[in-house]
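A.B. asks: First the structure, then my questions, so here it is.
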Amino acid sequence: AAPCRYETDSGAVIRVALRVDRARRSAVLDFAGTSPQQEGNANAPRSVVTAAVLYVFRTLVAEDIPLNSGCLKPLTVRIPEGSMLAPVHPAATVAGNVETSQAVTGALYSALGVQAEGSGTMNNVTFGNDRAQYYETLASGSGAGHG
């Protein structure tokens with residue numbers, strides 16, 4: 001399949017190429033070509049990207065399977081070091097968990113061509129001052145699939 005190019009609101013790009021081997025029941029996900037780590041905090045640690053990959057592929061399984069380390073065995077995930085999906089110290093990563101992870105999910109669904117993503121954001125609401133702050137993540141709907 002052709003690589004998917006998913007542009008974030010900031011102009012950064014998540015690029016993913018998928019190669020599925022149906023006979024071996026495995027897949028290679030290659031994020032080469034993804035933007036370099038960002039000056040702001042929209043970098044996602046490798047663990048967050050792996051969690052997004054795991055989430056997407058579990059949604060594709062028709063059976064309800066328990067979450068376990070075996071779920072990732074058939075998947076090879078390649079993420080370039082120093083990219084926004086594998087940043088190096090001292091890169092900030094706070095939005096990587098909430099916003100960039102959603103963009104990774106959207107890029108994967110687009111590359112797979114199986115389901116539309118949800119809102120493409122974690123819908124964060126923040127407000128406060130020097131004394132008190134509030135942060136809330138609001139849910140959204142899920143994307144449409146066949147049927």
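Identifiers in this document derive from the order of the structure tokens: chains are assigned A, B, ..., residues are numbered from 1 separately in each chain, and ligands are numbered from 1 in order of occurrence.
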Determine, for each residue of stretch 1-81 of chain A having at least one atom at most 12 Å from an atom of stretch 117-136 of chain A, the closest pair of atoms and their separation in Å to one decimal, counting only C-alpha atoms; order by chain and ascending number, as a tab-separated table.

C.D. replies:
```
residue	atom	partner	partner_atom	distance
A:Tyr6	CA	A:Gly120	CA	10.8
A:Glu7	CA	A:Gly120	CA	11.1
A:Thr8	CA	A:Gly120	CA	9.3
A:Asp9	CA	A:Thr121	CA	10.2
A:Val56	CA	A:Glu117	CA	10.0
A:Thr59	CA	A:Glu117	CA	11.7
```

A.B. asks: As a PDB file with N, CA, C and O atoms, in the first residue's frame, please: the residues near stretch 72-79 of chain A (cut-off 8 Å, only C-alpha atoms, same-chain neighbours under 3 positions excluded).

C.D. replies:
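Result written to result_14.pdb:
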```pdb
ATOM      1  N   ARG A  25       0.547 -13.632   8.669  1.00  0.00           N
ATOM      2  CA  ARG A  25      -0.280 -12.920   9.650  1.00  0.00           C
ATOM      3  C   ARG A  25       0.551 -11.917  10.438  1.00  0.00           C
ATOM      4  O   ARG A  25       0.540 -11.890  11.664  1.00  0.00           O
ATOM      5  N   SER A  26       1.278 -11.098   9.680  1.00  0.00           N
ATOM      6  CA  SER A  26       2.149 -10.108  10.305  1.00  0.00           C
ATOM      7  C   SER A  26       2.116  -8.815   9.497  1.00  0.00           C
ATOM      8  O   SER A  26       1.594  -8.774   8.383  1.00  0.00           O
ATOM      9  N   ALA A  27       2.667  -7.775  10.077  1.00  0.00           N
ATOM     10  CA  ALA A  27       2.721  -6.480   9.399  1.00  0.00           C
ATOM     11  C   ALA A  27       3.949  -5.708   9.843  1.00  0.00           C
ATOM     12  O   ALA A  27       4.417  -5.847  10.976  1.00  0.00           O
ATOM     13  N   VAL A  28       4.458  -4.897   8.927  1.00  0.00           N
ATOM     14  CA  VAL A  28       5.545  -3.962   9.228  1.00  0.00           C
ATOM     15  C   VAL A  28       4.973  -2.568   9.079  1.00  0.00           C
ATOM     16  O   VAL A  28       4.348  -2.253   8.053  1.00  0.00           O
ATOM     17  N   LEU A  29       5.165  -1.753  10.088  1.00  0.00           N
ATOM     18  CA  LEU A  29       4.705  -0.367  10.084  1.00  0.00           C
ATOM     19  C   LEU A  29       5.958   0.502  10.128  1.00  0.00           C
ATOM     20  O   LEU A  29       6.723   0.436  11.094  1.00  0.00           O
ATOM     21  N   ASP A  30       6.173   1.286   9.085  1.00  0.00           N
ATOM     22  CA  ASP A  30       7.384   2.090   8.984  1.00  0.00           C
ATOM     23  C   ASP A  30       7.017   3.570   8.974  1.00  0.00           C
ATOM     24  O   ASP A  30       6.343   4.044   8.065  1.00  0.00           O
ATOM     25  N   PHE A  31       7.480   4.281   9.992  1.00  0.00           N
ATOM     26  CA  PHE A  31       7.181   5.697  10.139  1.00  0.00           C
ATOM     27  C   PHE A  31       8.275   6.594   9.560  1.00  0.00           C
ATOM     28  O   PHE A  31       8.353   7.779   9.883  1.00  0.00           O
ATOM     29  N   ALA A  32       9.133   6.051   8.681  1.00  0.00           N
ATOM     30  CA  ALA A  32      10.176   6.851   8.020  1.00  0.00           C
ATOM     31  C   ALA A  32       9.520   7.984   7.246  1.00  0.00           C
ATOM     32  O   ALA A  32       8.481   7.800   6.614  1.00  0.00           O
ATOM     33  N   ARG A  46       8.154   6.837  21.963  1.00  0.00           N
ATOM     34  CA  ARG A  46       7.963   5.551  21.275  1.00  0.00           C
ATOM     35  C   ARG A  46       6.887   4.699  21.962  1.00  0.00           C
ATOM     36  O   ARG A  46       6.088   4.037  21.299  1.00  0.00           O
ATOM     37  N   THR A  50       3.585   3.110  20.216  1.00  0.00           N
ATOM     38  CA  THR A  50       3.321   1.668  20.302  1.00  0.00           C
ATOM     39  C   THR A  50       1.925   1.406  20.847  1.00  0.00           C
ATOM     40  O   THR A  50       1.203   0.526  20.365  1.00  0.00           O
ATOM     41  N   LEU A  54      -1.046  -0.567  18.941  1.00  0.00           N
ATOM     42  CA  LEU A  54      -1.741  -1.674  19.594  1.00  0.00           C
ATOM     43  C   LEU A  54      -3.257  -1.435  19.601  1.00  0.00           C
ATOM     44  O   LEU A  54      -4.037  -2.332  19.286  1.00  0.00           O
ATOM     45  N   SER A  69       1.057  -8.951  25.926  1.00  0.00           N
ATOM     46  CA  SER A  69       2.228  -8.634  25.119  1.00  0.00           C
ATOM     47  C   SER A  69       2.241  -9.382  23.788  1.00  0.00           C
ATOM     48  O   SER A  69       2.872  -8.944  22.834  1.00  0.00           O
ATOM     49  N   SER A  83      12.740  11.645  15.444  1.00  0.00           N
ATOM     50  CA  SER A  83      11.507  12.137  14.821  1.00  0.00           C
ATOM     51  C   SER A  83      10.542  12.553  15.923  1.00  0.00           C
ATOM     52  O   SER A  83      10.791  12.297  17.110  1.00  0.00           O
ATOM     53  N   LEU A  85       8.034  11.128  16.681  1.00  0.00           N
ATOM     54  CA  LEU A  85       7.477   9.906  17.263  1.00  0.00           C
ATOM     55  C   LEU A  85       8.527   9.098  18.023  1.00  0.00           C
ATOM     56  O   LEU A  85       8.220   8.024  18.533  1.00  0.00           O
ATOM     57  N   ALA A  86       9.736   9.599  18.087  1.00  0.00           N
ATOM     58  CA  ALA A  86      10.809   8.984  18.891  1.00  0.00           C
ATOM     59  C   ALA A  86      11.808  10.082  19.237  1.00  0.00           C
ATOM     60  O   ALA A  86      12.964  10.058  18.815  1.00  0.00           O
TER      61      ALA A  86
END
```

A.B. asks: Which one of A:Ala44, A:Ala23, A:Leu18, A:Leu60 sits closest to A:Ala92 if you count only C-alpha atoms?

C.D. replies: A:Ala44

A.B. asks: Please, which residues of stretch 49-139 of chain A, numbered as in this document, come out helix (DSSP H, G or I) from DSSP, as a ChimeraX atom specification?

C.D. replies: /A:49-59,69-72,94-112

A.B. asks: Got a sec: who's within 9 Å of stretch 11-16 of chain A, counting only C-alpha atoms, leaving out chain neighbours fewer than 6 positions off, as a list of chain:residue names?

C.D. replies: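 Skipping anything fewer than 6 positions along the chain leaves A:Ala2, A:Pro3, A:Cys4, A:Arg5, A:Leu29, A:Asp30, A:Phe31, A:Ala32, A:Gly33, A:Thr34, A:Ser35, A:Pro36, A:Gln38, A:Met84, A:Leu85, A:Ala103, A:Val104, A:Ala107, A:Leu108, A:Ala111.
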
A.B. asks: Would you mind exporting the chosen residues as a PDB file, in the first residue's frame, restricted to N, CA and C atoms?

C.D. replies:
```pdb
ATOM      1  N   ALA A   2       0.372   2.304  -0.567  1.00  0.00           N
ATOM      2  CA  ALA A   2       1.107   3.570  -0.598  1.00  0.00           C
ATOM      3  C   ALA A   2       1.187   4.140   0.812  1.00  0.00           C
ATOM      4  N   PRO A   3       2.300   4.803   1.132  1.00  0.00           N
ATOM      5  CA  PRO A   3       2.413   5.408   2.466  1.00  0.00           C
ATOM      6  C   PRO A   3       1.337   6.461   2.690  1.00  0.00           C
ATOM      7  N   CYS A   4       0.915   6.584   3.928  1.00  0.00           N
ATOM      8  CA  CYS A   4      -0.061   7.595   4.308  1.00  0.00           C
ATOM      9  C   CYS A   4       0.689   8.803   4.847  1.00  0.00           C
ATOM     10  N   ARG A   5       0.268   9.979   4.421  1.00  0.00           N
ATOM     11  CA  ARG A   5       0.838  11.239   4.915  1.00  0.00           C
ATOM     12  C   ARG A   5      -0.269  11.955   5.666  1.00  0.00           C
ATOM     13  N   LEU A  29       5.165  -1.753  10.088  1.00  0.00           N
ATOM     14  CA  LEU A  29       4.705  -0.367  10.084  1.00  0.00           C
ATOM     15  C   LEU A  29       5.958   0.502  10.128  1.00  0.00           C
ATOM     16  N   ASP A  30       6.173   1.286   9.085  1.00  0.00           N
ATOM     17  CA  ASP A  30       7.384   2.090   8.984  1.00  0.00           C
ATOM     18  C   ASP A  30       7.017   3.570   8.974  1.00  0.00           C
ATOM     19  N   PHE A  31       7.480   4.281   9.992  1.00  0.00           N
ATOM     20  CA  PHE A  31       7.181   5.697  10.139  1.00  0.00           C
ATOM     21  C   PHE A  31       8.275   6.594   9.560  1.00  0.00           C
ATOM     22  N   ALA A  32       9.133   6.051   8.681  1.00  0.00           N
ATOM     23  CA  ALA A  32      10.176   6.851   8.020  1.00  0.00           C
ATOM     24  C   ALA A  32       9.520   7.984   7.246  1.00  0.00           C
ATOM     25  N   GLY A  33      10.114   9.159   7.316  1.00  0.00           N
ATOM     26  CA  GLY A  33       9.552  10.322   6.633  1.00  0.00           C
ATOM     27  C   GLY A  33       8.679  11.174   7.525  1.00  0.00           C
ATOM     28  N   THR A  34       8.493  10.741   8.773  1.00  0.00           N
ATOM     29  CA  THR A  34       7.760  11.540   9.754  1.00  0.00           C
ATOM     30  C   THR A  34       8.610  12.754  10.117  1.00  0.00           C
ATOM     31  N   SER A  35       7.967  13.868  10.429  1.00  0.00           N
ATOM     32  CA  SER A  35       8.679  15.103  10.772  1.00  0.00           C
ATOM     33  C   SER A  35       9.662  14.896  11.917  1.00  0.00           C
ATOM     34  N   PRO A  36      10.738  15.673  11.911  1.00  0.00           N
ATOM     35  CA  PRO A  36      11.678  15.631  13.035  1.00  0.00           C
ATOM     36  C   PRO A  36      10.987  16.069  14.319  1.00  0.00           C
ATOM     37  N   GLN A  38       9.671  18.058  17.356  1.00  0.00           N
ATOM     38  CA  GLN A  38       9.154  19.417  17.309  1.00  0.00           C
ATOM     39  C   GLN A  38       9.707  20.283  18.435  1.00  0.00           C
ATOM     40  N   MET A  84       9.426  13.145  15.544  1.00  0.00           N
ATOM     41  CA  MET A  84       8.442  13.548  16.550  1.00  0.00           C
ATOM     42  C   MET A  84       7.787  12.344  17.219  1.00  0.00           C
ATOM     43  N   LEU A  85       8.034  11.128  16.681  1.00  0.00           N
ATOM     44  CA  LEU A  85       7.477   9.906  17.263  1.00  0.00           C
ATOM     45  C   LEU A  85       8.527   9.098  18.023  1.00  0.00           C
ATOM     46  N   ALA A 103      -3.330  11.557  16.290  1.00  0.00           N
ATOM     47  CA  ALA A 103      -2.908  11.702  14.900  1.00  0.00           C
ATOM     48  C   ALA A 103      -2.297  10.400  14.376  1.00  0.00           C
ATOM     49  N   VAL A 104      -1.545   9.701  15.218  1.00  0.00           N
ATOM     50  CA  VAL A 104      -0.991   8.405  14.826  1.00  0.00           C
ATOM     51  C   VAL A 104      -2.135   7.437  14.535  1.00  0.00           C
ATOM     52  N   ALA A 107      -3.649   8.350  11.227  1.00  0.00           N
ATOM     53  CA  ALA A 107      -2.758   7.965  10.126  1.00  0.00           C
ATOM     54  C   ALA A 107      -2.831   6.471   9.863  1.00  0.00           C
ATOM     55  N   LEU A 108      -2.886   5.678  10.916  1.00  0.00           N
ATOM     56  CA  LEU A 108      -2.951   4.222  10.752  1.00  0.00           C
ATOM     57  C   LEU A 108      -4.275   3.795  10.126  1.00  0.00           C
ATOM     58  N   ALA A 111      -4.080   4.712   6.491  1.00  0.00           N
ATOM     59  CA  ALA A 111      -3.184   3.820   5.749  1.00  0.00           C
ATOM     60  C   ALA A 111      -3.822   2.456   5.522  1.00  0.00           C
TER      61      ALA A 111
END
```

A.B. asks: Rounded to one decimal in Å, what is the spacing between atom CA of A:Arg58 and atom CA of A:Glu81?

C.D. replies: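 It comes out at 25.5 Å.
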
A.B. asks: What is the distance, in Å and to one decimal place, between atom CA of A:Gly141 and atom CA of A:Ala116?

C.D. replies: 10.9 Å
